[in-house]
Structures are given as structure tokens and as C-alpha cells.
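Dumped input_20.cif below, it's mmCIF, C-alpha atoms:
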```cif
data_protein
loop_
_atom_site.group_PDB
_atom_site.id
_atom_site.type_symbol
_atom_site.label_atom_id
_atom_site.label_comp_id
_atom_site.auth_asym_id
_atom_site.auth_seq_id
_atom_site.Cartn_x
_atom_site.Cartn_y
_atom_site.Cartn_z
ATOM 1 C CA MET K 1 125.742 130.882 147.540
ATOM 2 C CA ARG K 2 122.721 128.847 148.561
ATOM 3 C CA GLY K 3 120.750 130.157 145.582
ATOM 4 C CA ARG K 4 123.574 129.243 143.193
ATOM 5 C CA PHE K 5 123.739 125.729 144.618
ATOM 6 C CA LEU K 6 119.973 125.308 144.166
ATOM 7 C CA LEU K 7 120.120 126.611 140.595
ATOM 8 C CA ALA K 8 123.003 124.274 139.766
ATOM 9 C CA ALA K 9 121.069 121.340 141.220
ATOM 10 C CA LEU K 10 118.012 122.175 139.116
ATOM 11 C CA VAL K 11 120.078 122.472 135.946
ATOM 12 C CA THR K 12 121.818 119.167 136.682
ATOM 13 C CA CYS K 13 118.568 117.335 137.402
ATOM 14 C CA ALA K 14 116.548 118.805 134.529
ATOM 15 C CA PRO K 15 117.923 116.531 131.774
ATOM 16 C CA THR K 16 117.444 113.490 133.992
ATOM 17 C CA ALA K 17 113.827 114.409 134.679
ATOM 18 C CA ALA K 18 113.223 114.995 130.972
ATOM 19 C CA LEU K 19 114.475 111.500 130.220
ATOM 20 C CA VAL K 20 111.982 109.829 132.562
ATOM 21 C CA PRO K 21 109.534 107.963 130.292
ATOM 22 C CA SER K 22 105.833 108.757 130.499
ATOM 23 C CA TRP K 23 103.335 106.170 131.679
ATOM 24 C CA GLN K 24 102.247 105.734 128.060
ATOM 25 C CA VAL K 25 105.797 104.816 127.026
ATOM 26 C CA LYS K 26 106.083 102.392 129.943
ATOM 27 C CA LEU K 27 102.867 100.629 128.911
ATOM 28 C CA ASP K 28 104.137 100.599 125.316
ATOM 29 C CA ARG K 29 107.226 98.709 126.453
ATOM 30 C CA ALA K 30 105.196 96.383 128.647
ATOM 31 C CA PHE K 31 102.538 95.348 126.131
ATOM 32 C CA LEU K 32 103.522 96.317 122.571
ATOM 33 C CA ASP K 33 107.337 96.258 122.279
ATOM 34 C CA VAL K 34 108.350 92.795 121.014
ATOM 35 C CA ASP K 35 111.980 93.429 122.001
ATOM 36 C CA CYS K 36 111.247 94.203 125.654
ATOM 37 C CA PRO K 37 112.485 91.449 128.054
ATOM 38 C CA PRO K 38 109.857 89.898 130.381
ATOM 39 C CA ARG K 39 111.458 91.335 133.522
ATOM 40 C CA THR K 40 111.425 94.844 132.053
ATOM 41 C CA ARG K 41 107.767 94.410 131.095
ATOM 42 C CA SER K 42 106.862 93.545 134.688
ATOM 43 C CA ARG K 43 108.928 96.431 136.036
ATOM 44 C CA ASN K 44 107.205 98.946 133.756
ATOM 45 C CA ILE K 45 103.741 97.735 134.742
ATOM 46 C CA ALA K 46 104.651 98.009 138.427
ATOM 47 C CA LYS K 47 105.963 101.556 137.937
ATOM 48 C CA VAL K 48 102.750 102.653 136.236
ATOM 49 C CA LEU K 49 100.620 101.158 139.027
ATOM 50 C CA THR K 50 102.696 102.810 141.754
ATOM 51 C CA ASP K 51 104.656 105.868 140.607
ATOM 52 C CA ASP K 52 102.308 107.018 137.814
ATOM 53 C CA ARG K 53 98.880 106.181 139.212
ATOM 54 C CA GLU K 54 97.871 109.769 139.897
ATOM 55 C CA ARG K 55 99.071 110.922 136.490
ATOM 56 C CA VAL K 56 97.150 108.130 134.738
ATOM 57 C CA VAL K 57 93.945 109.055 136.567
ATOM 58 C CA GLU K 58 94.479 112.740 135.769
ATOM 59 C CA ASP K 59 95.001 112.066 132.050
ATOM 60 C CA LEU K 60 91.974 109.765 131.898
ATOM 61 C CA ARG K 61 89.778 112.421 133.504
ATOM 62 C CA SER K 62 91.088 115.085 131.145
ATOM 63 C CA ALA K 63 90.384 112.855 128.133
ATOM 64 C CA VAL K 64 86.824 112.163 129.319
ATOM 65 C CA ASP K 65 86.261 115.870 130.022
ATOM 66 C CA ALA K 66 87.477 116.817 126.538
ATOM 67 C CA ILE K 67 84.915 114.509 124.911
ATOM 68 C CA ARG K 68 82.135 115.478 127.320
ATOM 69 C CA THR K 69 82.583 119.234 126.913
ATOM 70 C CA LYS K 70 83.516 119.391 123.217
ATOM 71 C CA GLY K 71 81.640 116.369 121.916
ATOM 72 C CA PHE K 72 83.185 113.287 120.355
ATOM 73 C CA LYS K 73 83.831 114.924 116.976
ATOM 74 C CA ASP K 74 85.882 117.827 118.364
ATOM 75 C CA GLY K 75 87.138 116.256 121.586
ATOM 76 C CA HIS K 76 88.318 112.803 120.596
ATOM 77 C CA GLY K 77 91.522 114.163 118.998
ATOM 78 C CA GLU K 78 92.528 115.821 122.259
ATOM 79 C CA ALA K 79 91.696 112.627 124.156
ATOM 80 C CA ILE K 80 93.840 110.545 121.824
ATOM 81 C CA ASP K 81 96.757 112.979 122.174
ATOM 82 C CA LEU K 82 96.525 112.673 125.956
ATOM 83 C CA LEU K 83 96.270 108.889 126.153
ATOM 84 C CA PHE K 84 98.237 107.869 123.053
ATOM 85 C CA PRO K 85 100.783 110.648 122.307
ATOM 86 C CA LYS K 86 102.761 110.841 119.094
ATOM 87 C CA GLY K 87 105.830 108.632 119.111
ATOM 88 C CA THR K 88 104.244 105.731 121.015
ATOM 89 C CA ILE K 89 103.663 102.334 119.455
ATOM 90 C CA ALA K 90 100.013 102.513 120.514
ATOM 91 C CA ARG K 91 99.558 105.754 118.555
ATOM 92 C CA SER K 92 101.227 104.246 115.476
ATOM 93 C CA ASP K 93 98.955 101.207 115.740
ATOM 94 C CA LEU K 94 95.874 103.417 115.949
ATOM 95 C CA GLU K 95 96.949 105.380 112.885
ATOM 96 C CA GLY K 96 97.702 102.152 111.006
ATOM 97 C CA LEU K 97 94.290 100.683 111.846
ATOM 98 C CA GLN K 98 92.626 103.938 110.821
ATOM 99 C CA ALA K 99 94.419 103.790 107.458
ATOM 100 C CA LEU K 100 93.291 100.176 106.936
ATOM 101 C CA ARG K 101 89.659 101.229 107.223
ATOM 102 C CA VAL K 102 90.139 102.952 103.859
ATOM 103 C CA GLN K 103 92.741 100.663 102.307
ATOM 104 C CA VAL K 104 91.079 97.260 102.849
ATOM 105 C CA PRO K 105 87.931 98.144 100.837
ATOM 106 C CA GLU K 106 90.228 99.406 98.060
ATOM 107 C CA VAL K 107 92.089 96.084 98.009
ATOM 108 C CA LEU K 108 88.809 94.122 97.924
ATOM 109 C CA ALA K 109 87.413 96.298 95.133
ATOM 110 C CA ASN K 110 90.558 95.941 93.003
ATOM 111 C CA PRO K 111 92.375 92.706 93.863
ATOM 112 C CA PRO K 112 95.926 92.477 92.490
ATOM 113 C CA PRO K 113 96.251 90.579 89.184
ATOM 114 C CA ARG K 114 97.508 87.043 89.313
ATOM 115 C CA PRO K 115 100.862 86.114 87.758
ATOM 116 C CA ASP K 116 100.764 85.045 84.120
ATOM 117 C CA ALA K 117 102.055 81.588 85.045
ATOM 118 C CA PRO K 118 102.146 79.707 88.344
ATOM 119 C CA PRO K 119 105.573 79.750 89.997
ATOM 120 C CA SER K 120 107.703 76.725 89.309
ATOM 121 C CA PRO K 121 108.140 74.382 92.279
ATOM 122 C CA PRO K 122 111.460 74.734 94.111
ATOM 123 C CA PRO K 123 114.091 72.086 93.416
ATOM 124 C CA PRO K 124 114.499 69.325 96.009
ATOM 125 C CA PRO K 125 117.094 70.116 98.697
ATOM 126 C CA SER K 126 120.583 68.788 98.195
ATOM 127 C CA ARG K 127 122.361 66.574 100.690
ATOM 128 C CA GLU K 128 124.430 69.573 101.804
ATOM 129 C CA ASP K 129 121.270 71.636 102.371
ATOM 130 C CA VAL K 130 119.756 68.902 104.538
ATOM 131 C CA GLN K 131 122.981 68.570 106.534
ATOM 132 C CA LYS K 132 123.121 72.349 107.129
ATOM 133 C CA ALA K 133 119.487 72.336 108.264
ATOM 134 C CA PHE K 134 120.173 69.599 110.833
ATOM 135 C CA GLU K 135 123.251 71.438 112.096
ATOM 136 C CA SER K 136 121.321 74.688 112.510
ATOM 137 C CA LEU K 137 118.620 72.861 114.453
ATOM 138 C CA ARG K 138 121.223 71.258 116.679
ATOM 139 C CA ASP K 139 123.099 74.464 117.537
ATOM 140 C CA GLY K 140 119.925 76.528 117.951
ATOM 141 C CA SER K 141 120.634 79.021 115.156
ATOM 142 C CA ALA K 142 117.521 77.962 113.217
ATOM 143 C CA GLN K 143 115.322 78.545 116.253
ATOM 144 C CA LYS K 144 116.821 82.002 116.764
ATOM 145 C CA ALA K 145 116.241 82.828 113.097
ATOM 146 C CA ILE K 146 112.597 81.734 113.334
ATOM 147 C CA GLU K 147 112.128 83.808 116.497
ATOM 148 C CA GLU K 148 113.538 86.875 114.758
ATOM 149 C CA GLU K 149 111.244 86.365 111.757
ATOM 150 C CA LEU K 150 108.238 86.139 114.084
ATOM 151 C CA LYS K 151 109.333 89.335 115.823
ATOM 152 C CA ASN K 152 109.856 91.047 112.471
ATOM 153 C CA SER K 153 106.208 90.371 111.660
ATOM 154 C CA LEU K 154 105.406 92.768 114.528
ATOM 155 C CA ARG K 155 108.130 95.354 113.871
ATOM 156 C CA ARG K 156 107.582 98.504 111.870
ATOM 157 C CA THR K 157 111.187 98.282 110.676
ATOM 158 C CA PRO K 158 112.573 94.727 110.466
ATOM 159 C CA LYS K 159 115.888 93.893 112.100
ATOM 160 C CA GLY K 160 118.734 91.968 110.513
ATOM 161 C CA LEU K 161 118.266 93.342 106.978
ATOM 162 C CA GLU K 162 120.684 95.708 105.279
ATOM 163 C CA THR K 163 119.315 98.987 103.938
ATOM 164 C CA PRO K 164 120.877 101.814 101.868
ATOM 165 C CA SER K 165 122.858 104.293 103.945
ATOM 166 C CA TYR K 166 121.440 107.778 104.375
ATOM 167 C CA THR K 167 121.475 110.685 106.788
ATOM 168 C CA VAL K 168 118.446 112.723 107.820
ATOM 169 C CA GLU K 169 119.134 116.408 107.151
ATOM 170 C CA ARG K 170 115.950 117.788 108.684
ATOM 171 C CA ALA K 171 112.266 117.197 109.243
ATOM 172 C CA VAL K 172 109.777 118.987 107.007
ATOM 173 C CA GLY K 173 106.364 118.685 108.597
ATOM 174 C CA ALA K 174 105.433 115.002 108.470
ATOM 175 C CA ALA K 175 108.222 114.334 105.946
ATOM 176 C CA GLU K 176 112.020 114.393 106.167
ATOM 177 C CA ILE K 177 114.853 115.308 103.830
ATOM 178 C CA ARG K 178 117.520 112.624 103.440
ATOM 179 C CA ALA K 179 120.894 112.387 101.754
ATOM 180 C CA TYR K 180 121.457 108.894 100.313
ATOM 181 C CA GLU K 181 124.776 107.340 99.455
ATOM 182 C CA ALA K 182 125.062 105.423 96.180
ATOM 183 C CA TYR K 183 123.767 101.848 96.191
ATOM 184 C CA ALA K 184 123.167 99.044 93.681
ATOM 185 C CA VAL K 185 119.814 97.491 92.789
ATOM 186 C CA ALA K 186 118.512 94.599 90.736
ATOM 187 C CA GLU K 187 115.441 95.811 88.879
ATOM 188 C CA LEU K 188 112.920 94.654 86.309
ATOM 189 C CA ALA K 189 112.758 96.269 82.899
ATOM 190 C CA ALA K 190 108.951 96.184 82.756
ATOM 191 C CA ALA K 191 106.008 96.249 85.134
ATOM 192 C CA ARG K 192 104.617 92.896 86.279
ATOM 193 C CA PRO K 193 102.175 91.700 88.951
ATOM 194 C CA ASP K 194 103.791 92.168 92.357
ATOM 195 C CA GLY K 195 103.960 88.440 93.139
ATOM 196 C CA ASP K 196 105.591 87.645 89.818
ATOM 197 C CA SER K 197 108.081 90.522 90.177
ATOM 198 C CA PHE K 198 109.036 89.452 93.676
ATOM 199 C CA ASN K 199 109.634 85.828 92.631
ATOM 200 C CA VAL K 200 111.863 86.830 89.705
ATOM 201 C CA LEU K 201 114.007 89.215 91.758
ATOM 202 C CA ALA K 202 114.152 86.895 94.758
ATOM 203 C CA GLY K 203 115.316 84.129 92.423
ATOM 204 C CA TYR K 204 118.191 86.316 91.239
ATOM 205 C CA LEU K 205 119.093 87.311 94.794
ATOM 206 C CA PHE K 206 119.036 83.735 96.107
ATOM 207 C CA GLY K 207 121.167 82.114 93.427
ATOM 208 C CA LYS K 208 119.367 82.008 90.066
ATOM 209 C CA ASN K 209 122.123 83.939 88.327
ATOM 210 C CA ALA K 210 125.087 83.206 86.078
ATOM 211 C CA GLU K 211 127.325 82.440 89.067
ATOM 212 C CA ASP K 212 124.794 80.525 91.192
ATOM 213 C CA ARG K 213 125.707 83.002 93.934
ATOM 214 C CA SER K 214 123.295 83.522 96.796
ATOM 215 C CA MET K 215 123.021 86.978 98.379
ATOM 216 C CA ALA K 216 121.379 88.222 101.553
ATOM 217 C CA MET K 217 117.901 89.711 101.573
ATOM 218 C CA THR K 218 117.751 93.485 102.008
ATOM 219 C CA MET K 219 115.201 96.256 102.403
ATOM 220 C CA PRO K 220 113.324 98.191 101.213
ATOM 221 C CA VAL K 221 111.690 96.933 98.034
ATOM 222 C CA GLU K 222 111.393 99.781 95.524
ATOM 223 C CA MET K 223 108.362 100.311 93.286
ATOM 224 C CA ASN K 224 108.686 102.830 90.452
ATOM 225 C CA ASP K 225 105.926 103.072 87.807
ATOM 226 C CA GLY K 226 104.953 99.472 88.542
ATOM 227 C CA LYS K 227 108.536 98.209 88.194
ATOM 228 C CA MET K 228 110.068 96.494 91.217
ATOM 229 C CA ALA K 229 113.686 96.679 92.373
ATOM 230 C CA PHE K 230 115.673 94.966 95.142
ATOM 231 C CA VAL K 231 118.585 96.659 96.900
ATOM 232 C CA LEU K 232 121.790 94.613 96.613
ATOM 233 C CA PRO K 233 124.006 93.998 99.665
ATOM 234 C CA LYS K 234 127.028 96.296 99.832
ATOM 235 C CA VAL K 235 129.390 93.318 99.777
ATOM 236 C CA ASP K 236 128.027 92.359 96.323
ATOM 237 C CA ALA K 237 127.482 95.851 94.911
ATOM 238 C CA ASP K 238 130.910 96.294 93.266
ATOM 239 C CA ALA K 239 130.830 92.965 91.407
ATOM 240 C CA PRO K 240 127.270 91.621 91.349
ATOM 241 C CA PRO K 241 126.542 88.317 89.601
ATOM 242 C CA THR K 242 125.224 88.548 86.058
ATOM 243 C CA PRO K 243 121.462 87.901 85.868
ATOM 244 C CA SER K 244 120.490 84.760 84.005
ATOM 245 C CA ASP K 245 117.008 86.192 83.339
ATOM 246 C CA ASP K 246 116.909 88.909 80.663
ATOM 247 C CA ALA K 247 114.101 90.640 82.564
ATOM 248 C CA VAL K 248 116.543 91.501 85.390
ATOM 249 C CA SER K 249 119.167 94.234 85.144
ATOM 250 C CA VAL K 250 121.647 95.568 87.698
ATOM 251 C CA THR K 251 122.203 99.293 88.044
ATOM 252 C CA THR K 252 123.475 101.849 90.549
ATOM 253 C CA ARG K 253 121.416 104.553 92.189
ATOM 254 C CA PRO K 254 123.663 107.650 92.398
ATOM 255 C CA PRO K 255 124.022 109.719 95.569
ATOM 256 C CA ARG K 256 120.966 111.938 95.903
ATOM 257 C CA ARG K 257 118.860 114.048 98.231
ATOM 258 C CA VAL K 258 115.237 113.108 98.599
ATOM 259 C CA ILE K 259 112.173 114.040 100.580
ATOM 260 C CA ALA K 260 110.426 111.030 102.136
ATOM 261 C CA LEU K 261 106.952 110.657 103.626
ATOM 262 C CA GLU K 262 106.101 107.559 105.660
ATOM 263 C CA PHE K 263 102.656 105.953 105.763
ATOM 264 C CA PRO K 264 101.306 102.744 107.321
ATOM 265 C CA GLY K 265 99.193 99.885 106.031
ATOM 266 C CA VAL K 266 98.771 98.674 102.443
ATOM 267 C CA SER K 267 100.146 100.695 99.537
ATOM 268 C CA THR K 268 97.078 100.558 97.300
ATOM 269 C CA PRO K 269 97.172 102.771 94.178
ATOM 270 C CA GLU K 270 94.640 105.060 95.837
ATOM 271 C CA GLU K 271 96.717 105.313 99.027
ATOM 272 C CA VAL K 272 99.867 106.022 97.042
ATOM 273 C CA GLU K 273 98.069 108.815 95.206
ATOM 274 C CA ARG K 274 96.842 110.309 98.502
ATOM 275 C CA GLN K 275 100.381 110.260 99.898
ATOM 276 C CA ARG K 276 101.823 111.650 96.667
ATOM 277 C CA ALA K 277 99.400 114.587 96.839
ATOM 278 C CA LYS K 278 100.242 115.152 100.512
ATOM 279 C CA LEU K 279 103.973 115.151 99.743
ATOM 280 C CA ALA K 280 103.463 117.489 96.771
ATOM 281 C CA THR K 281 101.747 119.962 99.115
ATOM 282 C CA ILE K 282 104.695 119.836 101.540
ATOM 283 C CA ILE K 283 107.160 120.364 98.682
ATOM 284 C CA ALA K 284 105.201 123.382 97.416
ATOM 285 C CA GLU K 285 104.795 124.928 100.886
ATOM 286 C CA GLU K 286 108.523 124.582 101.596
ATOM 287 C CA GLY K 287 109.507 126.023 98.207
ATOM 288 C CA LEU K 288 111.505 122.917 97.285
ATOM 289 C CA GLU K 289 112.349 121.888 93.723
ATOM 290 C CA ALA K 290 111.760 118.187 93.067
ATOM 291 C CA ASP K 291 111.553 115.676 90.236
ATOM 292 C CA ASP K 292 108.168 114.779 88.803
ATOM 293 C CA GLY K 293 108.562 111.030 89.430
ATOM 294 C CA TYR K 294 108.291 109.232 92.733
ATOM 295 C CA THR K 295 109.262 105.880 94.252
ATOM 296 C CA VAL K 296 107.353 103.799 96.802
ATOM 297 C CA LEU K 297 109.498 101.979 99.379
ATOM 298 C CA GLN K 298 108.147 98.910 101.211
ATOM 299 C CA TYR K 299 110.111 97.596 104.201
ATOM 300 C CA ASN K 300 108.171 94.572 105.443
ATOM 301 C CA ALA K 301 107.538 90.961 104.552
ATOM 302 C CA PRO K 302 104.008 90.097 103.334
ATOM 303 C CA TYR K 303 103.202 88.345 106.625
ATOM 304 C CA THR K 304 103.825 91.488 108.722
ATOM 305 C CA VAL K 305 100.668 92.618 110.519
ATOM 306 C CA PRO K 306 99.294 95.229 108.101
ATOM 307 C CA TRP K 307 98.848 98.114 110.547
ATOM 308 C CA ARG K 308 102.572 97.985 111.393
ATOM 309 C CA ARG K 309 103.862 97.945 107.846
ATOM 310 C CA ARG K 310 106.246 100.743 106.971
ATOM 311 C CA ASN K 311 105.821 102.322 103.559
ATOM 312 C CA GLU K 312 107.357 105.511 102.221
ATOM 313 C CA ILE K 313 106.903 107.671 99.179
ATOM 314 C CA VAL K 314 110.156 109.286 98.071
ATOM 315 C CA VAL K 315 110.832 112.110 95.599
ATOM 316 C CA ALA K 316 114.303 113.220 94.496
ATOM 317 C CA LEU K 317 115.158 116.866 95.134
ATOM 318 C CA VAL K 318 116.791 119.058 92.502
ATOM 319 C CA GLY K 319 119.815 121.194 93.359
ATOM 320 C CA ASP K 320 121.363 121.824 96.767
ATOM 321 C CA ALA K 321 118.716 124.061 98.327
ATOM 322 C CA PRO K 322 118.328 123.460 102.094
#
```
Representation of the structure as C-alpha cells:
Amino acid sequence: MRGRFLLAALVTCAPTAALVPSWQVKLDRAFLDVDCPPRTRSRNIAKVLTDDRERVVEDLRSAVDAIRTKGFKDGHGEAIDLLFPKGTIARSDLEGLQALRVQVPEVLANPPPRPDAPPSPPPPPSREDVQKAFESLRDGSAQKAIEEELKNSLRRTPKGLETPSYTVERAVGAAEIRAYEAYAVAELAAARPDGDSFNVLAGYLFGKNAEDRSMAMTMPVEMNDGKMAFVLPKVDADAPPTPSDDAVSVTTRPPRRVIALEFPGVSTPEEVERQRAKLATIIAEEGLEADDGYTVLQYNAPYTVPWRRRNEIVVALVGDAP
């Protein structure tokens, strides 16, 4: 009887113990999570300094020993896994900074082309626009919106933006297989410089259309063979406004299964090709059948810190193979 009671207690407590965050996760929340409240930050720091002190010292010693015994070349990977495990914000930041070491020289060597014509200046605000701005300042909604935008510049995935609905079927190495529902997009018929493409599509989304209807911003931005597309909000997908610019067309992406591979930093042509080759290897190793084309998805605003930008390369799968 006593043994059964002890076994039951261990089984009951095991899930709880497994849910206790590591000291790395606690420091993540304290220093790197923009959504963590100040009181929670302080509490996590205190827990690391008291409850986790011995574990921190042990991991630090193990990391130093790995480098000392194996050398920096062979031991630094083990040290990083100990101190910055996969799934932590710190690890993602390290991987993003590592990617930028390659991407930034590529951007400097091949700067993006400038738009053919400078963007036209925005029209002066109407009386109603000015009145709405004053009201939002008075009730605090404008301040909250600005705070969220500042936080989004530090988030890998922005909050407050609609995205196409999908379910993750399974992970495949570093990639994952998703099943997307149908969604509508506004896309350009031809490739243009990124800045020019963005301005044209943003103009359509924010009211430069046949109905002068403004729609909400969404994510991600799609890039396919140099042609950009914006996802339309679900509320506007069934009856979207007619584009007033002939370069813009509205179409529907059908339901589909895709394999997606995420990568951080700047999506230079060279980086996209590296990720495409990596995804092609995964597809071949898993015996999957996929389309030849690919799409690059970009989730963040241009002012997001570059090492936290979320990019994905997506390829449509053929058939219903698992």
C-alpha cells in the first residue's frame, strides 16, 4: 500500500515538475520577453538567484569544461546548447545574429534597386481625420497603439495582425507541414522593386481602390518570383473592393498543404537560395512530392530589429501523402 501511494505521488508530481521552467527560460522572460510584466521580471530574476543558483553554476562549469577539453571549434556548440537551449529567445537571437553576419555583406554588395519614381506625397488630413486623432489621444487608444507597434519591432511574430488560418500536421526536421485554408490576396501582376510594390499594395489596402474602402493590415507579405502579394482580411475576402490600379489584381489561394521552413534575418536572394536548397534536401529525404515553385513569407515591419525578423520559405505539396 505504501509503495502504491509513493508511486501515485510520483506520477502526479511528474507533470508538474516537467512544467517548471529552466533558469534559461526565466532569464528569457526577465530580460528578453517584451510582453513580460515588470513584477514577473523581478520574480524570475529572484528565482534564478535563489532556487537555481546551483544549477546555473553547474551549467556554466560544464560549458567551460566543454570548450577547455574539446577546444572552441568542437566545444562551443555544446556550450551554447547548455547555456542557450533551443526554444529560448536568447538562442533565437544568437541564430539571427549569426545569420546577419552573412546577410549584411550580401545586402551591401547588392543594394535593392530604387523605385522608378519617388512616391507621391500623402494628401493632407481631412477635418474628420484630425478630429479622430485628437479623440484617440484623449482616450489613450493612440498611445496603446504606439506601444504595441514598438513591441512588435521586438517580436518575432507581430501581434494584432490577421494571418491566414492553417494547422500544423507535423514537424519534419527543421521544417513543418501545414494545411492552409483558402484565403484572398491582392497581388501585383509583375515584379517591381520591393519599396514600390509595398507602396502600391498598401495604397490599395488603405483606401486607394474603386470604393475608397480602407482595410486592416495583415501578415505575412508573400513574395513569389519577385511579385509581391498582401493577404486580405477575412471580413473583406468575399467581396473585396475593385482595385483602381491596373497593376493590382485580387485572387484566392485555394486550400493546400505546404512544407514551410523558417529562417531569421534579411531575405537576400542568396539567403533565399540557401533556404530553398535546405528545404529541397528535407523534401527529398522525407520522400515528399512538391511543386517546383516556392514562396517567401515575411511577417515583420521594416523597422523590426533584423535578428528577430521571421521569414519562411514555403513549397506546396502534391497529393495527400503524409
>> Show me, as a VMD selection string, the residues that have an atom within 8 Å of region 178-194 of chain K when counting all atoms listed in the file, minus same-chain residues fewer than 6 positions from it.
In response: chain K and resid 112 to 115 164 to 170 201 225 to 234 237 247 to 260
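Between CA of Gly265 (chain K) and CA of Ser92 (chain K) lies a distance of 10.6 Å.
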Carefully work through the PyMOL selection byres ((chain K and resi 303) around 10) for this structure and note down the residues it includes, as a PDB file with C-alpha atoms, in the frame of the given file.
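Output file part07.pdb follows:
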```
ATOM      1  CA  GLU K 149     111.244  86.365 111.757  1.00  0.00           C
ATOM      2  CA  LEU K 150     108.238  86.139 114.084  1.00  0.00           C
ATOM      3  CA  ASN K 152     109.856  91.047 112.471  1.00  0.00           C
ATOM      4  CA  SER K 153     106.208  90.371 111.660  1.00  0.00           C
ATOM      5  CA  LEU K 154     105.406  92.768 114.528  1.00  0.00           C
ATOM      6  CA  ASN K 300     108.171  94.572 105.443  1.00  0.00           C
ATOM      7  CA  ALA K 301     107.538  90.961 104.552  1.00  0.00           C
ATOM      8  CA  PRO K 302     104.008  90.097 103.334  1.00  0.00           C
ATOM      9  CA  THR K 304     103.825  91.488 108.722  1.00  0.00           C
ATOM     10  CA  VAL K 305     100.668  92.618 110.519  1.00  0.00           C
ATOM     11  CA  PRO K 306      99.294  95.229 108.101  1.00  0.00           C
ATOM     12  CA  ARG K 309     103.862  97.945 107.846  1.00  0.00           C
TER      13      ARG K 309
END
```
> Skipping near chain neighbours, those fewer than 4 positions away, what residues fall within 10 Å of region 72-82 of chain K using only C-alpha atoms, listed as a ChimeraX atom specification?
Replying inline: /K:24,56,59-68,86,91,94
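CA of Lys144 (chain K) sits 27.3 Å away from CA of Val25 (chain K).
Pairwise distance (CA of Val172 (chain K), CA of Glu312 (chain K)) equals 14.5 Å.
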